[in-house]
Each structure stands twice: as structure tokens, then as C-alpha cells.
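The block underneath contains the structure these notes are about, expressed in C-alpha cells.
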Amino acid sequence: MEVYAYAYAESTLQLYGSGLLLFHVFCDQKGIQEWHRAPAKAELIQAFIAALIGTYPGGTIQNYVAGIRAWHEINLLSWKMKDINLRSLYKAADNNAPMSARRPPRKPYTIKHLERIIEKLDSSTSLGANVKAVGTSLIYGIARMGELTVKNMEDFDPAKHPQISDVSKIVDDHGNEATSIHLPWTKCGPISGESISYAIQNSLSCPVMALQNHIHINKPQKGEHLFTYTRINPRTKREERVPLTHHKFLACIAEAAKEAGVETLSGHGFRIGGVLEYLLRGLPFDVVKYKGRWASNAFAIYLRRHAEILAPYIQAGGAVQGEFVRIMFPSIR
């Protein structure tokens with residue numbers, strides 16, 4: 001049974017563990033015996049969700065319930081709750097979420113916005129070159145921030161994070177060249193990994209030029225994270241080579257945004273921004289889905305979750321509006 005646990009990312013299991021713990025606390029308070037908790041009846045899951053409504057938003061409750069479901073799947077137990085009923089309960093939770101738990105929609109980084117920021121980065125320095133390469137790779141590669149940076153400097157793992165050997169050039173049948181970065185491990189590709197790619201852009205935000213500049217200045221070595229840079233250790237006052245962390249990347253972006261006089265957006269804004277940019281360029285939705293590495297109908301779900309912030313841009317773009325509306329409001333069969 002333990003083999004099923006490998007289907008989930010470590011961070012996902014940690015999040016799911018929180019939901020499972022809360023579920024057991026709820027059952028203890030209600031006097032639910034162990035043998036009634038798994039497989040859990042639909043009525044028990046509904047009661048658990050009802051107890052959380054008004055305290056947590058729908059997204060948080062959805063993650064908690066996903067943890068209980070994963071617990072069932074790992075232990076080869078049947079799951080009684082129907083998805084259609086869960087969606088209604090999550091909606092009810094969102095409608096009744098406390099104001100403190102509601103987050104505003106995360107805006108996308110547009111190319112214009114990004115270029116205002118990277119104009120303020122000194123790409124001749126080790127850190128500046130690194131941050132510019134990561135920022136442009138995130139948006140043009142539709143990548144997740146955690147795929148190109150690390151949470152802590154000591155977290156680098158060559159089995160999970162990209163190295164210089166993972167960078168390559170790819171050429172299609174028409175002779176068009178692109179840069180590819182293989183990601184050895186991702187949430188959706190924990191065994192063989194996945195790749196992101198992008199082509200040369202005739203703009204300040206060209207990710208190919210930014211990556212080449214980073215490699216020229218920082219010279220990442222075998223056995224190092226691809227996005228390694230040199231810094232002065234604050235304790236020893238000596239130079240050291242370290243991978244770029246989430247925190248350092250976002251801090252540099254925030255500082256440059258402040259200097260440029262533009263809004264600082266969330267880290268997820270890069271991935272949303274990449275989706276928006278390619279859609280506005282007229283790329284078919286299926287191509288953007290493939291480029292962003294979404295499986296099956298996950299891309300449609302992603303678009304619906306971000307419809308509120310994407311819609312104004314899509315409407316202004318015009319050309320893709322019809323397809324966008326079709327995905328937002330699928331026909332009832």
C-alpha cells in the first residue's frame with residue numbers, strides 16, 4: 001500500500017496530513033469509532049465539512065477532504081462521497097467564509113508589467129542575472145516557482161532540481177529553435193520529470209537571452225542547481241555559491257517593482273501570466289494546456305478558477321474570447 005503514497009508530492013502529503021488530523025479530531029469529539037472512519041460514509045464526510053463551513057474557505061476545506069480521500073486510496077478503501085455533492089459543499093463554504101479567510105484573486109504578471117520590473121534588475125550582477133532568468137523562464141515556460149527555485153538554500157536535490165546538464169536546444173521540423181529545461185521531478189511527473197521550453201522573444205523579457213546571460217555570469221557547475229549564484233555569506237563575509245530561494249527571488253522582484261513604481265504581485269502571477277500571454281497571442285487552448293503541462297480537464301478547471309482575473313484581458317484580446325467562454329460554460333449533456 002505504501003507505493004500509492006509515492007503518487008503524491010511530499011508537500012501535498014504534508015497538507016493532506018493536516019486535513020486528516022483535523023478529521024480525526026472531529027471524529028473524536030463526536031465519538032465516531034475508528035471502524036466508522038474508514039471507509040467513511042458520505043454522511044460523515046458531509047458532517048465534517050459542515051463543521052468547517054464558516055471557519056475555512058472552500059479551497060482549504062477541499063484540500064482537507066482531499067487528504068481524507070488520499071488516505072482511503074492509499075489504504076485501498078472505497079470512497080463514498082460523490083464529486084458533485086462535494087462541489088456544492090465547497091461552494092457553500094466559499095459563500096460563508098469569514099472575511100479574514102478570503103484572498104483577492106491573484107493577478108497575472110503581464111509581459112509589460114514584467115519588463116518594467118526587470119528594467120530595474122542589474123543583469124550584470126550575479127543575483128540580478130539569476131532573478132531575471134528565473135522570472136522570464138517562469139512566465140514564458142508557464143512554470144511553477146517551486147520548480148525553478150528552492151524553499152531553503154540547503155534543499156537542493158540533484159534528483160529533483162534542474163542542473164546545467166538539463167538545459168538543451170530543441171528544433172522542430174520547420175527549423176524553429178527553442179530552449180528546453182528538463183525538470184527531473186515535478187508534482188505531476190515524480191518519476192521521469194517534465195520539461196519547460198520557450199523560444200527567443202524580440203523584447204527585453206527574452207527568456208533565452210536572460211538564461212544565456214545567467215549562465216555566462218554565474219557559470220552553474222555540474223552538481224549545482226541551475227539557478228545558482230554567488231553571494232557574500234553574512235556570517236563569514238566570504239563568497240559562497242547558493243541556489244536561488246523562493247524568498248530571495250520574491251524579495252528581489254518586490255524591490256525592483258517598488259523602484260519601477262508598479263504593483264508587486266504573488267509568485268503564482270508568473271504562471272497565470274504565461275497562460276494569459278500565450279492565449280492572447282492566439283495559441284490554441286490545447287497547445288497552452290500542453291505547454292503548461294496540465295493533464296486531461298485540469299486546464300479547464302484552472303481557467304475557471306482564474307476566470308475572474310483572466311476575463312478582462314481575454315475580452316480585450318477579442319480573438320480567443322469565444323473559446324474562453326466555451327470552456328468557462330461547458331454545455332450540459
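All residue names refer to the C-alpha cells as shown: chains lettered A, B, ... in order, residues numbered from 1 in each chain, ligands numbered from 1 in order.
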
Handout entry: Members of stretch 209-284 of chain A assigned alpha helix (DSSP H) by DSSP, as a VMD selection string
Key = chain A and resid 209 to 218 246 to 260 269 to 280

Hey, can you spit out that residue selection with C-alpha atoms as a PDB file, in the first residue's frame?
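Output file out04.pdb follows:
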ATOM      1  CA  MET A 209      18.850  35.763 -23.657  1.00  0.00           C
ATOM      2  CA  ALA A 210      18.231  36.028 -19.903  1.00  0.00           C
ATOM      3  CA  LEU A 211      19.183  32.384 -19.380  1.00  0.00           C
ATOM      4  CA  GLN A 212      22.288  32.708 -21.548  1.00  0.00           C
ATOM      5  CA  ASN A 213      23.336  35.796 -19.592  1.00  0.00           C
ATOM      6  CA  HIS A 214      22.809  33.971 -16.289  1.00  0.00           C
ATOM      7  CA  ILE A 215      24.901  31.021 -17.476  1.00  0.00           C
ATOM      8  CA  HIS A 216      27.642  33.367 -18.711  1.00  0.00           C
ATOM      9  CA  ILE A 217      27.821  35.296 -15.429  1.00  0.00           C
ATOM     10  CA  ASN A 218      27.121  32.585 -12.854  1.00  0.00           C
ATOM     11  CA  HIS A 246      11.617  31.406  -3.186  1.00  0.00           C
ATOM     12  CA  HIS A 247      12.033  34.133  -0.597  1.00  0.00           C
ATOM     13  CA  LYS A 248      15.086  35.744  -2.206  1.00  0.00           C
ATOM     14  CA  PHE A 249      13.512  35.690  -5.653  1.00  0.00           C
ATOM     15  CA  LEU A 250      10.283  37.318  -4.481  1.00  0.00           C
ATOM     16  CA  ALA A 251      12.186  39.865  -2.384  1.00  0.00           C
ATOM     17  CA  CYS A 252      14.234  40.937  -5.414  1.00  0.00           C
ATOM     18  CA  ILE A 253      11.123  41.163  -7.582  1.00  0.00           C
ATOM     19  CA  ALA A 254       9.340  43.218  -4.905  1.00  0.00           C
ATOM     20  CA  GLU A 255      12.282  45.602  -4.555  1.00  0.00           C
ATOM     21  CA  ALA A 256      12.538  46.098  -8.324  1.00  0.00           C
ATOM     22  CA  ALA A 257       8.759  46.560  -8.611  1.00  0.00           C
ATOM     23  CA  LYS A 258       8.842  49.241  -5.928  1.00  0.00           C
ATOM     24  CA  GLU A 259      11.658  51.041  -7.732  1.00  0.00           C
ATOM     25  CA  ALA A 260       9.727  50.801 -11.009  1.00  0.00           C
ATOM     26  CA  GLY A 269       1.169  35.507 -11.012  1.00  0.00           C
ATOM     27  CA  PHE A 270       4.003  34.352 -13.294  1.00  0.00           C
ATOM     28  CA  ARG A 271       2.259  31.096 -14.237  1.00  0.00           C
ATOM     29  CA  ILE A 272      -1.095  32.812 -14.730  1.00  0.00           C
ATOM     30  CA  GLY A 273       0.690  35.493 -16.736  1.00  0.00           C
ATOM     31  CA  GLY A 274       2.270  32.901 -19.003  1.00  0.00           C
ATOM     32  CA  VAL A 275      -1.120  31.361 -19.728  1.00  0.00           C
ATOM     33  CA  LEU A 276      -2.580  34.779 -20.481  1.00  0.00           C
ATOM     34  CA  GLU A 277       0.293  35.812 -22.759  1.00  0.00           C
ATOM     35  CA  TYR A 278       0.071  32.733 -24.972  1.00  0.00           C
ATOM     36  CA  LEU A 279      -3.718  32.860 -25.178  1.00  0.00           C
ATOM     37  CA  LEU A 280      -3.611  36.497 -26.241  1.00  0.00           C
TER      38      LEU A 280
END

Handout entry: Backbone-only DSSP, strand (DSSP E or B) members of stretch 198-262 of chain A, as a list in words
Key =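 Those in stretch 198-262 of chain A that DSSP calls strand (DSSP E or B) are Tyr198, Thr228, Tyr229, Thr230, Arg231, Ile232, Glu239, Glu240, Arg241, Val242, Pro243 and Thr245 of chain A.
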
Generate the output file for the selected residues, N, CA and C atoms, as a PDB file, in the first residue's frame.
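That gives us part-v1.pdb:
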ATOM      1  N   TYR A 198      10.869  27.405 -24.255  1.00  0.00           N
ATOM      2  CA  TYR A 198      10.482  28.714 -24.764  1.00  0.00           C
ATOM      3  C   TYR A 198      11.430  29.114 -25.885  1.00  0.00           C
ATOM      4  N   THR A 228      21.997  28.839  -9.645  1.00  0.00           N
ATOM      5  CA  THR A 228      22.923  29.119  -8.547  1.00  0.00           C
ATOM      6  C   THR A 228      23.580  30.472  -8.797  1.00  0.00           C
ATOM      7  N   TYR A 229      23.840  31.202  -7.741  1.00  0.00           N
ATOM      8  CA  TYR A 229      24.529  32.489  -7.871  1.00  0.00           C
ATOM      9  C   TYR A 229      25.535  32.637  -6.734  1.00  0.00           C
ATOM     10  N   THR A 230      26.352  33.672  -6.815  1.00  0.00           N
ATOM     11  CA  THR A 230      27.372  33.920  -5.798  1.00  0.00           C
ATOM     12  C   THR A 230      26.932  35.058  -4.889  1.00  0.00           C
ATOM     13  N   ARG A 231      27.081  34.850  -3.606  1.00  0.00           N
ATOM     14  CA  ARG A 231      26.735  35.887  -2.633  1.00  0.00           C
ATOM     15  C   ARG A 231      27.815  35.950  -1.556  1.00  0.00           C
ATOM     16  N   ILE A 232      27.767  36.985  -0.750  1.00  0.00           N
ATOM     17  CA  ILE A 232      28.653  37.107   0.399  1.00  0.00           C
ATOM     18  C   ILE A 232      27.918  36.561   1.613  1.00  0.00           C
ATOM     19  N   GLU A 239      32.703  34.731   0.028  1.00  0.00           N
ATOM     20  CA  GLU A 239      31.841  34.374  -1.099  1.00  0.00           C
ATOM     21  C   GLU A 239      31.401  32.919  -0.987  1.00  0.00           C
ATOM     22  N   GLU A 240      30.163  32.669  -1.385  1.00  0.00           N
ATOM     23  CA  GLU A 240      29.663  31.299  -1.445  1.00  0.00           C
ATOM     24  C   GLU A 240      28.648  31.190  -2.568  1.00  0.00           C
ATOM     25  N   ARG A 241      28.501  29.993  -3.084  1.00  0.00           N
ATOM     26  CA  ARG A 241      27.552  29.758  -4.170  1.00  0.00           C
ATOM     27  C   ARG A 241      26.315  29.075  -3.598  1.00  0.00           C
ATOM     28  N   VAL A 242      25.160  29.647  -3.888  1.00  0.00           N
ATOM     29  CA  VAL A 242      23.915  29.142  -3.311  1.00  0.00           C
ATOM     30  C   VAL A 242      22.818  29.126  -4.377  1.00  0.00           C
ATOM     31  N   PRO A 243      21.846  28.217  -4.241  1.00  0.00           N
ATOM     32  CA  PRO A 243      20.699  28.218  -5.162  1.00  0.00           C
ATOM     33  C   PRO A 243      19.727  29.332  -4.786  1.00  0.00           C
ATOM     34  N   THR A 245      16.468  30.958  -3.653  1.00  0.00           N
ATOM     35  CA  THR A 245      15.312  30.521  -2.864  1.00  0.00           C
ATOM     36  C   THR A 245      14.060  31.289  -3.282  1.00  0.00           C
TER      37      THR A 245
END

Practice task
Kindly give the distance, in Å, that separates atom CA of A:Ile74 and atom CA of A:Ile61, rounded to a single decimal.
Solution key: 20.0 Å

Practice task
With a distance cut-off of 8 Å and only C-alpha atoms, select the neighbouring residues of A:Lys41, excluding the residue or stretch itself and same-chain residues fewer than 5 positions from it, and output the selection as an MDAnalysis selection string.
Solution key: chainID A and resid 36 80:81

Selected residues written out, N, CA and C atoms, as a compact mmCIF listing (two decimals), in the first residue's frame:
# COMPACT_ATOMS: atom_id res chain seq x y z
N HIS A 36 -15.63 3.24 11.89
CA HIS A 36 -16.60 4.01 11.12
C HIS A 36 -15.95 5.16 10.34
N LYS A 80 -16.88 6.99 -0.71
CA LYS A 80 -18.33 7.02 -0.87
C LYS A 80 -18.88 8.36 -1.36
N MET A 81 -18.12 9.42 -1.18
CA MET A 81 -18.62 10.77 -1.45
C MET A 81 -18.59 11.09 -2.94

Exercise for the section: With a distance cut-off of 10 Å and only C-alpha atoms, select the neighbouring residues of A:Pro158, excluding the residue or stretch itself and same-chain residues fewer than 6 positions from it, and output the selection as a list in words. Expected result: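 The filter keeps Pro184, Trp185, Lys222, Gly223, Glu224, His225 and Leu226 of chain A.
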
Exercise for the section: Using atom CA of A:Leu89 and atom CA of A:Gly58 as the two end points, give the distance in Å to one decimal. Expected result: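 Answer for the atom CA of A:Leu89 to atom CA of A:Gly58 separation: 7.9 Å.
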